[in-house]
Amino acid sequence: MRFLRRVLNMLVVLLFVSLLMFVLVRVLPGDPVGAALGDGATKEQVEKFRVQMGMDKPLQVQYLAYLRGLLDGNFGVSLMEPRDVGTIVRERLPATLELVLCSLALAIVVGVPLGILAATHRNGPVDQASRLWSLTGVSFPNFWAALMLQLVLGAALSLVPITGRITGPPPEHITGLYLVDALLSGNFKAMGDAARHLITPTIVLAVGPLAQITSMIRSSMLDELAKPYVGFSQAVGMPRFLINYKYVLRNAFSSTLTLIGFLFPLMIGGAFVVEKVFAWPGVARFGADAILANDYNAIVGVTLVICLFVVVVNFVTEELYVALDPRIRLER
Amino acid sequence: MPDSLSFPSVSVQAPVVRLNGLRMDFHTGDGVEQVIKDVTLRIDPGEIVGLVGESGCGKSVTAKLLLGILPMPPAVVKAGSIEMFGRDLAGLPSGEREALKKFVAYVPQDPSAVLNPSFTIATQMIDMIVWYESDRKLATYFRKRHTRTVVSRARDHAAHLLEKVYIADPEQVLRRYPVQLSGGMRQRVLLAMALSGSPQLMIADEPTTALDVTVQKRTIDLLKDLVEREGLAGLYITHDLGVAREICARTYVMYAGTTVENGPTGPLLDAPLHPYTRGLVEAIPSLEGGLPRTIPGQVPDYLAPPRGCRFAPRCPEAFERCRETPERVEQAPGRQVACWLYGKEAA
Ligand SMILES: Nc1ncnc2c1ncn2[C@@H]1O[C@H](COP(=O)(O)OP(=O)(O)OP(=O)(O)O)[C@@H](O)[C@H]1O
Ligand SMILES: [Mg+2]
């Protein structure tokens, strides 16, 4: 029942976003037709194109037609490449997911232990460094970090490729995530190739979230460490290790989980810049190009798909949070 | 637990606790807080000792010191000695200090806050029981904690402990999370946990203030019963002189970091010697409720405490002499007081 209500909620959110975006792209200034046909187009050509795209009809009629199309899995034709936006997004989604997931994993794998160390060794060197890092890391401009890494690791040291997702032939398509596909098909050459391409964009995209996770884990660990149950466990002689890693971390992590739910949309936002700078063939770059080209259907389509992901990720993290915290679970 | 009951270095005859002339400062951002000035206190085996005094007198600091949870720094021991189970804590390596905790049962003030909200009672009790059996070695602990027979034996032991505090359906309680239990039930669970080591001493810091009145009464009865049955010594911290009279054989009165008077509880409360004790006794309200109200003034600022007797600024009987610190004198058998009104030189 609760689940059903959640799903309904998500649908309403998506519907609202689609309406908002649909109207916004059309009322904001910009001429998609001119951009699509080029400067030399005649008046007749433009008119014909507008009729073809349904742009001559009233807005509400257009929107209803768009929704009906969505039901058939039809996102409308992109102006940049004359194919269905849904198809393009489906092709490009794995590239973005691979990048975002790798960054998120990096941020968690490095950020969580760093946060723990900072909290348990308060005011120690790790704590000082991580606090400085939290301050600077969050406000670090992505594009600058990207250019620096490209310059140093890519151009000067030639350790990693400067742009792109893979140099050689991609691995056999299974999931679309190159690392996973390469692993599944045992194609280690492609795997190394893909991994080398992933390194720099992953680092760049992880900088901000890493700093946020570190400071979140640190502060919620510190909050937890001040709670009476910690003093009690110490008083009865329980070992520090168990207190920190079994009791405190468990409680600190559940509040960090919500943060990860928040970070996901932020990272997709970051991906718009990162994919553009690294010529990464993902949805975010397609979205960025779509905005520049005023490609109505592409903008709305990309937004909807990203929105769907964000909503689902939030749903999952919230469920996990509930599963981890019996106080909430039991109130149900 | 069978093999862990005997600990060679815990003496049974010596006083369980002996604090002598303890002085302790806190180094805080604002400066040095001279909180504990002279705490002298003894607890003999099998005896419950009360510790009373206004809020902010340093009762909890004393309890935390004995429990080994006073963060040092900021706390610094300046003078005096601390002995537990006949061993001087000053020279004790931290491992041995930790090992002593098994013999100390802690009954905290707020039963709701000290249980971990994310784990069931069973998990928390089993963790404790298995840890006490693991000889303070993490590797041993983890091995045992994942051995089914050990865990199920520990669970049975936990159920047995819950029965000791008169919980009718231990299995049911073990499966619960702390939020699912009432305040009184949580306090009982804590009492059961307190027994899971091999306690010799129970330290209770206002164990009933967070409970409502009817539950308070029952918890106090249970505590008393438990201490008698298990033959524990106890330090019972309270604001409530009535409760002290009921369960404490002897009582210490503490003011601003000094144990100003002590003696058998009845005589102490019936005929207080120290003006501060008198103030406390006179402040007992006739109806329910409340802290002492009638002693004018308040506990001093520990950053700049008064010289000499710290109670002097609030004392109706203060005189010149009180600028110096009074000696503690034995006024009657087992009855000591630190006040210039008493002793050989008293006028
Ligand atoms: N960690 C600490 N750092 C600095 N000062 C402290 C610390 N712990 C206690 N104090 C100081 O010691 C004084 C005594 O505190 P304590 O908690 O022992 O009072 P109490 O007698 O238990 O009072 P109550 O009846 O309200 O519990 C307080 O003034 C407090 O500021
Ligand atoms: Mg206290």
# chains A, B, ... in the order shown; residues from 1 in each chain; ligands from 1
>>> residues_near_ligand(ligand="ligand 1", cutoff="10 Å", atoms="only C-alpha atoms and all ligand atoms", output="PyMOL selection string")
chain B and resi 24-36+51-65+69-75+109+205-206+237-239+254-257+291+299-303
>>> residues_around(residues="stretch 170-184 of chain B", least_positions_apart="4", cutoff="12 Å", atoms="only C-alpha atoms", output="PDB file with C-alpha atoms, in the first residue's frame")
ATOM      1  CA  TYR A 229      25.160   5.170  24.772  1.00  0.00           C
ATOM      2  CA  ASP A 325      17.082   2.565  11.545  1.00  0.00           C
ATOM      3  CA  PRO A 326      14.667   0.567  13.658  1.00  0.00           C
ATOM      4  CA  ARG A 327      13.216   3.717  15.198  1.00  0.00           C
ATOM      5  CA  ILE A 328      11.653   4.631  11.888  1.00  0.00           C
ATOM      6  CA  ARG A 329      10.946   1.083  10.855  1.00  0.00           C
ATOM      7  CA  LEU A 330       8.995   0.394  14.023  1.00  0.00           C
ATOM      8  CA  GLU A 331       6.903   3.496  13.785  1.00  0.00           C
TER       9      GLU A 331
ATOM     10  CA  GLN B 109      20.537   8.302  34.967  1.00  0.00           C
ATOM     11  CA  ASP B 110      18.621   8.127  31.731  1.00  0.00           C
ATOM     12  CA  PRO B 111      17.794   4.589  30.657  1.00  0.00           C
ATOM     13  CA  SER B 112      16.358   5.747  27.353  1.00  0.00           C
ATOM     14  CA  ALA B 113      19.530   7.336  26.110  1.00  0.00           C
ATOM     15  CA  VAL B 114      22.150   4.774  27.030  1.00  0.00           C
ATOM     16  CA  LEU B 115      20.732   1.864  25.094  1.00  0.00           C
ATOM     17  CA  ASN B 116      21.736   1.914  21.460  1.00  0.00           C
ATOM     18  CA  PRO B 117      18.602   2.612  19.416  1.00  0.00           C
ATOM     19  CA  SER B 118      19.736   0.599  16.413  1.00  0.00           C
ATOM     20  CA  PHE B 119      20.224  -2.785  18.025  1.00  0.00           C
ATOM     21  CA  THR B 120      17.960  -5.208  19.827  1.00  0.00           C
ATOM     22  CA  ILE B 121      18.332  -5.841  23.538  1.00  0.00           C
ATOM     23  CA  ALA B 122      19.599  -9.331  22.675  1.00  0.00           C
ATOM     24  CA  THR B 123      22.390  -7.987  20.463  1.00  0.00           C
ATOM     25  CA  GLN B 124      23.487  -5.488  23.071  1.00  0.00           C
ATOM     26  CA  MET B 125      23.464  -7.974  25.917  1.00  0.00           C
ATOM     27  CA  ILE B 126      25.152 -10.727  23.946  1.00  0.00           C
ATOM     28  CA  ALA B 154      25.186 -16.038  25.876  1.00  0.00           C
ATOM     29  CA  ARG B 155      21.576 -15.522  24.898  1.00  0.00           C
ATOM     30  CA  ASP B 156      20.420 -17.974  27.541  1.00  0.00           C
ATOM     31  CA  HIS B 157      22.568 -16.156  30.044  1.00  0.00           C
ATOM     32  CA  ALA B 158      21.011 -12.847  28.993  1.00  0.00           C
ATOM     33  CA  ALA B 159      17.535 -14.307  29.482  1.00  0.00           C
ATOM     34  CA  HIS B 160      18.616 -15.563  32.887  1.00  0.00           C
ATOM     35  CA  LEU B 161      19.843 -12.088  33.841  1.00  0.00           C
ATOM     36  CA  LEU B 162      16.538 -10.573  32.754  1.00  0.00           C
ATOM     37  CA  GLU B 163      14.737 -13.064  34.984  1.00  0.00           C
ATOM     38  CA  LYS B 164      16.859 -11.861  37.871  1.00  0.00           C
ATOM     39  CA  VAL B 165      15.350  -8.401  37.515  1.00  0.00           C
ATOM     40  CA  TYR B 166      11.865  -9.943  37.453  1.00  0.00           C
ATOM     41  CA  ARG B 188      15.462  -3.081  34.369  1.00  0.00           C
ATOM     42  CA  VAL B 189      17.231  -4.160  31.240  1.00  0.00           C
ATOM     43  CA  LEU B 190      20.107  -1.912  32.276  1.00  0.00           C
ATOM     44  CA  LEU B 191      20.132  -3.472  35.717  1.00  0.00           C
ATOM     45  CA  ALA B 192      20.300  -6.886  34.078  1.00  0.00           C
ATOM     46  CA  MET B 193      23.138  -5.693  31.849  1.00  0.00           C
ATOM     47  CA  PRO B 207      19.001   6.154  38.443  1.00  0.00           C
ATOM     48  CA  THR B 208      15.386   7.164  38.862  1.00  0.00           C
ATOM     49  CA  THR B 209      15.156  10.859  38.021  1.00  0.00           C
ATOM     50  CA  ALA B 210      14.059  10.119  34.462  1.00  0.00           C
ATOM     51  CA  LEU B 211      11.272   7.784  35.576  1.00  0.00           C
ATOM     52  CA  ASP B 212       7.790   8.643  36.800  1.00  0.00           C
ATOM     53  CA  VAL B 213       7.043   8.388  40.496  1.00  0.00           C
ATOM     54  CA  THR B 214       5.440   4.947  40.674  1.00  0.00           C
ATOM     55  CA  VAL B 215       8.155   3.407  38.540  1.00  0.00           C
ATOM     56  CA  GLN B 216      10.763   5.174  40.676  1.00  0.00           C
ATOM     57  CA  LYS B 217       9.565   3.390  43.765  1.00  0.00           C
ATOM     58  CA  ARG B 218       9.628  -0.016  42.115  1.00  0.00           C
ATOM     59  CA  THR B 219      13.051   0.555  40.580  1.00  0.00           C
ATOM     60  CA  ILE B 220      14.507   1.570  43.924  1.00  0.00           C
ATOM     61  CA  LEU B 222      14.466  -3.696  42.816  1.00  0.00           C
TER      62      LEU B 222
END
>>> atom_distance(atom1="atom CA of B:Tyr106", atom2="atom CA of B:Ala194")
5.8 Å
>>> closest_residue(among="B:Pro296, B:Gly50, B:Gly95, B:Pro15", to="chain A", atoms="only C-alpha atoms")
B:Gly95
>>> residues_around(residues="B:Gly279", least_positions_apart="2", cutoff="10 Å", atoms="only C-alpha atoms", output="VMD selection string")
chain B and resid 272 274 to 277 281 to 284 292 to 296 315 to 316
>>> write_last_selection(atoms="all heavy atoms", output="short mmCIF file (atom, residue, chain, number, x, y, z; two decimals), in the first residue's frame")
data_model
loop_
_atom_site.label_atom_id
_atom_site.label_comp_id
_atom_site.auth_asym_id
_atom_site.auth_seq_id
_atom_site.Cartn_x
_atom_site.Cartn_y
_atom_site.Cartn_z
N PRO B 272 22.08 16.88 61.46
CA PRO B 272 23.19 17.30 60.61
C PRO B 272 24.15 18.21 61.36
O PRO B 272 23.73 19.01 62.20
CB PRO B 272 22.49 18.04 59.47
CG PRO B 272 21.12 18.34 59.93
CD PRO B 272 20.78 17.40 61.01
N HIS B 274 27.17 19.81 59.58
CA HIS B 274 27.63 20.87 58.70
C HIS B 274 26.46 21.79 58.32
O HIS B 274 25.37 21.31 58.03
CB HIS B 274 28.24 20.24 57.44
CG HIS B 274 29.12 21.17 56.68
ND1 HIS B 274 28.60 22.19 55.89
CD2 HIS B 274 30.47 21.26 56.58
CE1 HIS B 274 29.61 22.84 55.34
NE2 HIS B 274 30.75 22.30 55.76
N PRO B 275 26.68 23.09 58.34
CA PRO B 275 25.59 24.01 57.97
C PRO B 275 25.00 23.69 56.60
O PRO B 275 23.80 23.91 56.38
CB PRO B 275 26.27 25.38 57.98
CG PRO B 275 27.45 25.22 58.85
CD PRO B 275 27.90 23.80 58.74
N TYR B 276 25.84 23.18 55.70
CA TYR B 276 25.32 22.85 54.36
C TYR B 276 24.34 21.68 54.44
O TYR B 276 23.26 21.73 53.84
CB TYR B 276 26.48 22.51 53.42
CG TYR B 276 26.01 22.12 52.03
CD1 TYR B 276 25.32 23.03 51.23
CD2 TYR B 276 26.25 20.84 51.52
CE1 TYR B 276 24.88 22.68 49.96
CE2 TYR B 276 25.81 20.48 50.26
CZ TYR B 276 25.13 21.40 49.48
OH TYR B 276 24.70 21.05 48.24
N THR B 277 24.72 20.64 55.19
CA THR B 277 23.82 19.50 55.36
C THR B 277 22.51 19.97 55.99
O THR B 277 21.42 19.57 55.57
CB THR B 277 24.46 18.43 56.27
OG1 THR B 277 25.82 18.26 55.91
CG2 THR B 277 23.73 17.12 56.16
N VAL B 281 18.77 19.48 54.48
CA VAL B 281 17.70 18.78 55.20
C VAL B 281 16.50 19.70 55.38
O VAL B 281 15.35 19.30 55.17
CB VAL B 281 18.21 18.27 56.57
CG1 VAL B 281 17.06 17.75 57.41
CG2 VAL B 281 19.27 17.20 56.37
N GLU B 282 16.77 20.96 55.72
CA GLU B 282 15.66 21.89 55.92
C GLU B 282 14.94 22.20 54.61
O GLU B 282 13.80 22.62 54.62
CB GLU B 282 16.18 23.19 56.55
CG GLU B 282 16.38 23.03 58.05
CD GLU B 282 17.23 24.14 58.63
OE1 GLU B 282 17.51 25.12 57.91
OE2 GLU B 282 17.62 24.01 59.80
N ALA B 283 15.64 21.98 53.53
CA ALA B 283 15.04 22.31 52.23
C ALA B 283 14.16 21.20 51.69
O ALA B 283 13.56 21.35 50.64
CB ALA B 283 16.13 22.63 51.22
N ILE B 284 14.10 20.05 52.39
CA ILE B 284 13.24 18.97 51.89
C ILE B 284 11.80 19.47 51.91
O ILE B 284 11.28 19.87 52.95
CB ILE B 284 13.32 17.72 52.79
CG1 ILE B 284 14.74 17.17 52.79
CG2 ILE B 284 12.34 16.66 52.31
CD1 ILE B 284 14.93 16.01 53.73
N PRO B 292 16.55 21.44 46.64
CA PRO B 292 16.64 22.36 47.76
C PRO B 292 16.44 23.79 47.27
O PRO B 292 16.98 24.18 46.25
CB PRO B 292 18.07 22.17 48.26
CG PRO B 292 18.49 20.85 47.76
CD PRO B 292 17.71 20.58 46.52
N ARG B 293 15.66 24.55 48.00
CA ARG B 293 15.39 25.89 47.54
C ARG B 293 15.81 26.96 48.54
O ARG B 293 16.00 28.10 48.19
CB ARG B 293 13.89 26.05 47.23
CG ARG B 293 13.55 25.71 45.79
CD ARG B 293 12.06 25.63 45.61
NE ARG B 293 11.54 24.44 46.25
CZ ARG B 293 10.35 24.37 46.83
NH1 ARG B 293 9.58 25.41 46.87
NH2 ARG B 293 9.95 23.25 47.38
N THR B 294 15.93 26.56 49.78
CA THR B 294 16.05 27.61 50.78
C THR B 294 17.49 28.01 51.11
O THR B 294 17.68 28.96 51.84
CB THR B 294 15.35 27.20 52.09
OG1 THR B 294 15.89 25.95 52.50
CG2 THR B 294 13.85 27.10 51.89
N ILE B 295 18.51 27.30 50.56
CA ILE B 295 19.86 27.78 50.79
C ILE B 295 20.09 28.93 49.83
O ILE B 295 20.04 28.74 48.62
CB ILE B 295 20.93 26.70 50.53
CG1 ILE B 295 20.59 25.42 51.29
CG2 ILE B 295 22.31 27.20 50.93
CD1 ILE B 295 21.57 24.28 51.04
N PRO B 296 20.29 30.14 50.34
CA PRO B 296 20.48 31.26 49.43
C PRO B 296 21.80 31.14 48.67
O PRO B 296 22.73 30.48 49.14
CB PRO B 296 20.49 32.49 50.35
CG PRO B 296 20.82 31.96 51.69
CD PRO B 296 20.40 30.53 51.75
N CYS B 315 27.11 30.59 53.86
CA CYS B 315 26.90 29.98 55.17
C CYS B 315 26.41 31.01 56.19
O CYS B 315 27.02 32.06 56.35
CB CYS B 315 28.20 29.35 55.65
SG CYS B 315 28.06 28.50 57.22
N PRO B 316 25.31 30.71 56.88
CA PRO B 316 24.80 31.66 57.88
C PRO B 316 25.74 31.79 59.08
O PRO B 316 25.68 32.78 59.81
CB PRO B 316 23.46 31.05 58.30
CG PRO B 316 23.55 29.61 57.95
CD PRO B 316 24.47 29.50 56.77
#
>>> select_by_dssp(residues="stretch 90-215 of chain B", states="strand (DSSP E or B)", output="list of chain:residue names")
B:Val104, B:Ala105, B:Tyr106, B:Val107, B:Leu201, B:Met202, B:Ile203, B:Ala204, B:Asp205
>>> residues_around(residues="stretch 144-152 of chain B", least_positions_apart="4", cutoff="9 Å", atoms="only C-alpha atoms", output="list in words")
Ile126, Asp127, Val130, Trp131, Glu133, Ser134, Ala139, Thr140, Asp156 and His157 of chain B
>>> write_last_selection(atoms="N, CA, C and O atoms", output="tab-separated table (two decimals), in the first residue's frame")
chain	number	residue	atom	x	y	z
B	126	ILE	N	24.24	-9.67	24.38
B	126	ILE	CA	25.15	-10.73	23.95
B	126	ILE	C	26.54	-10.14	23.68
B	126	ILE	O	27.56	-10.72	24.07
B	127	ASP	N	26.57	-8.98	23.03
B	127	ASP	CA	27.87	-8.32	22.79
B	127	ASP	C	28.64	-8.18	24.10
B	127	ASP	O	29.83	-8.49	24.18
B	130	VAL	N	29.63	-11.73	25.66
B	130	VAL	CA	30.71	-12.38	24.92
B	130	VAL	C	32.03	-11.62	25.11
B	130	VAL	O	33.09	-12.20	25.27
B	131	TRP	N	31.93	-10.29	25.13
B	131	TRP	CA	33.15	-9.50	25.32
B	131	TRP	C	33.78	-9.80	26.69
B	131	TRP	O	34.99	-9.95	26.81
B	133	GLU	N	33.72	-12.45	28.18
B	133	GLU	CA	34.31	-13.79	28.15
B	133	GLU	C	35.55	-13.86	27.28
B	133	GLU	O	36.16	-14.91	27.16
B	134	SER	N	35.88	-12.75	26.61
B	134	SER	CA	36.91	-12.83	25.57
B	134	SER	C	38.28	-12.37	26.03
B	134	SER	O	39.16	-12.17	25.19
B	139	ALA	N	40.15	-10.38	18.65
B	139	ALA	CA	40.12	-11.56	17.78
B	139	ALA	C	39.29	-12.66	18.43
B	139	ALA	O	38.42	-13.27	17.78
B	140	THR	N	39.53	-12.89	19.72
B	140	THR	CA	38.75	-13.89	20.44
B	140	THR	C	37.28	-13.53	20.41
B	140	THR	O	36.41	-14.38	20.16
B	156	ASP	N	21.06	-17.37	26.37
B	156	ASP	CA	20.42	-17.97	27.54
B	156	ASP	C	20.81	-17.23	28.81
B	156	ASP	O	19.98	-16.99	29.69
B	157	HIS	N	22.09	-16.88	28.87
B	157	HIS	CA	22.57	-16.16	30.04
B	157	HIS	C	21.87	-14.80	30.15
B	157	HIS	O	21.45	-14.40	31.24
>>> residues_around(residues="B:Leu41", least_positions_apart="4", cutoff="9 Å", atoms="only C-alpha atoms", output="PyMOL selection string")
chain B and resi 17-21+252+259+262
>>> write_last_selection(atoms="N, CA, C and O atoms", output="PDB file, in the first residue's frame")
ATOM      1  N   VAL B  17      36.148   0.855  47.213  1.00  0.00           N
ATOM      2  CA  VAL B  17      36.607   2.135  46.681  1.00  0.00           C
ATOM      3  C   VAL B  17      37.199   2.942  47.821  1.00  0.00           C
ATOM      4  O   VAL B  17      36.645   2.959  48.932  1.00  0.00           O
ATOM      5  N   ARG B  18      38.316   3.574  47.554  1.00  0.00           N
ATOM      6  CA  ARG B  18      38.826   4.522  48.539  1.00  0.00           C
ATOM      7  C   ARG B  18      39.399   5.730  47.821  1.00  0.00           C
ATOM      8  O   ARG B  18      40.376   5.633  47.076  1.00  0.00           O
ATOM      9  N   LEU B  19      38.728   6.874  47.998  1.00  0.00           N
ATOM     10  CA  LEU B  19      39.248   8.127  47.448  1.00  0.00           C
ATOM     11  C   LEU B  19      39.787   8.920  48.623  1.00  0.00           C
ATOM     12  O   LEU B  19      39.116   9.057  49.645  1.00  0.00           O
ATOM     13  N   ASN B  20      41.001   9.423  48.451  1.00  0.00           N
ATOM     14  CA  ASN B  20      41.601  10.136  49.568  1.00  0.00           C
ATOM     15  C   ASN B  20      42.121  11.497  49.136  1.00  0.00           C
ATOM     16  O   ASN B  20      43.030  11.580  48.318  1.00  0.00           O
ATOM     17  N   GLY B  21      41.505  12.534  49.671  1.00  0.00           N
ATOM     18  CA  GLY B  21      41.969  13.893  49.384  1.00  0.00           C
ATOM     19  C   GLY B  21      42.080  14.184  47.895  1.00  0.00           C
ATOM     20  O   GLY B  21      42.999  14.859  47.443  1.00  0.00           O
ATOM     21  N   TYR B 252      27.503  10.414  52.092  1.00  0.00           N
ATOM     22  CA  TYR B 252      28.438  11.525  52.010  1.00  0.00           C
ATOM     23  C   TYR B 252      27.707  12.736  51.449  1.00  0.00           C
ATOM     24  O   TYR B 252      26.954  12.606  50.488  1.00  0.00           O
ATOM     25  N   THR B 259      33.758  16.657  49.997  1.00  0.00           N
ATOM     26  CA  THR B 259      32.831  15.878  50.810  1.00  0.00           C
ATOM     27  C   THR B 259      32.852  16.497  52.201  1.00  0.00           C
ATOM     28  O   THR B 259      33.769  16.270  52.985  1.00  0.00           O
ATOM     29  N   ASN B 262      30.058  13.227  56.426  1.00  0.00           N
ATOM     30  CA  ASN B 262      29.594  11.879  56.150  1.00  0.00           C
ATOM     31  C   ASN B 262      29.313  11.143  57.443  1.00  0.00           C
ATOM     32  O   ASN B 262      29.792  11.526  58.511  1.00  0.00           O
TER      33      ASN B 262
END
>>> interface_residues(of="chain A", to="chain B", cutoff="10 Å", atoms="only C-alpha atoms", output="ChimeraX atom specification")
/A:227-239,241-242,247-248,250-251,324-327,330-331
>>> select_by_dssp(residues="stretch 107-238 of chain A", states="helix (DSSP H, G or I)", output="ChimeraX atom specification")
/A:107-120,125-138,142-156,178-184,188-225,228-235
>>> residues_around(residues="stretch 306-318 of chain A", least_positions_apart="4", cutoff="9 Å", atoms="only C-alpha atoms", output="ChimeraX atom specification")
/A:6,10-11,13-14,17,257-258,260-262,264-265,268,283-284,301-302,322-323
>>> atom_distance(atom1="atom CA of B:Arg143", atom2="atom CA of B:Ile129")
13.8 Å
>>> closest_residue(among="A:Lys48, A:Arg92, A:Arg83, A:Arg131", to="A:Ile217", atoms="only C-alpha atoms")
A:Arg131
>>> residues_around(residues="A:Leu210", least_positions_apart="6", cutoff="9 Å", atoms="only C-alpha atoms", output="list in words")
Ser103, Leu104, Leu106, Ala107, Ile108, Val109, Val110, Gly111, Val112, Ser134, Gly137 and Val138 of chain A
>>> atom_distance(atom1="atom CA of B:Asp169", atom2="atom CA of B:Glu230")
21.7 Å
>>> closest_residue(among="B:Leu22, B:Leu341, B:Ile43, B:Gly91", to="B:Lys78", atoms="only C-alpha atoms")
B:Leu22
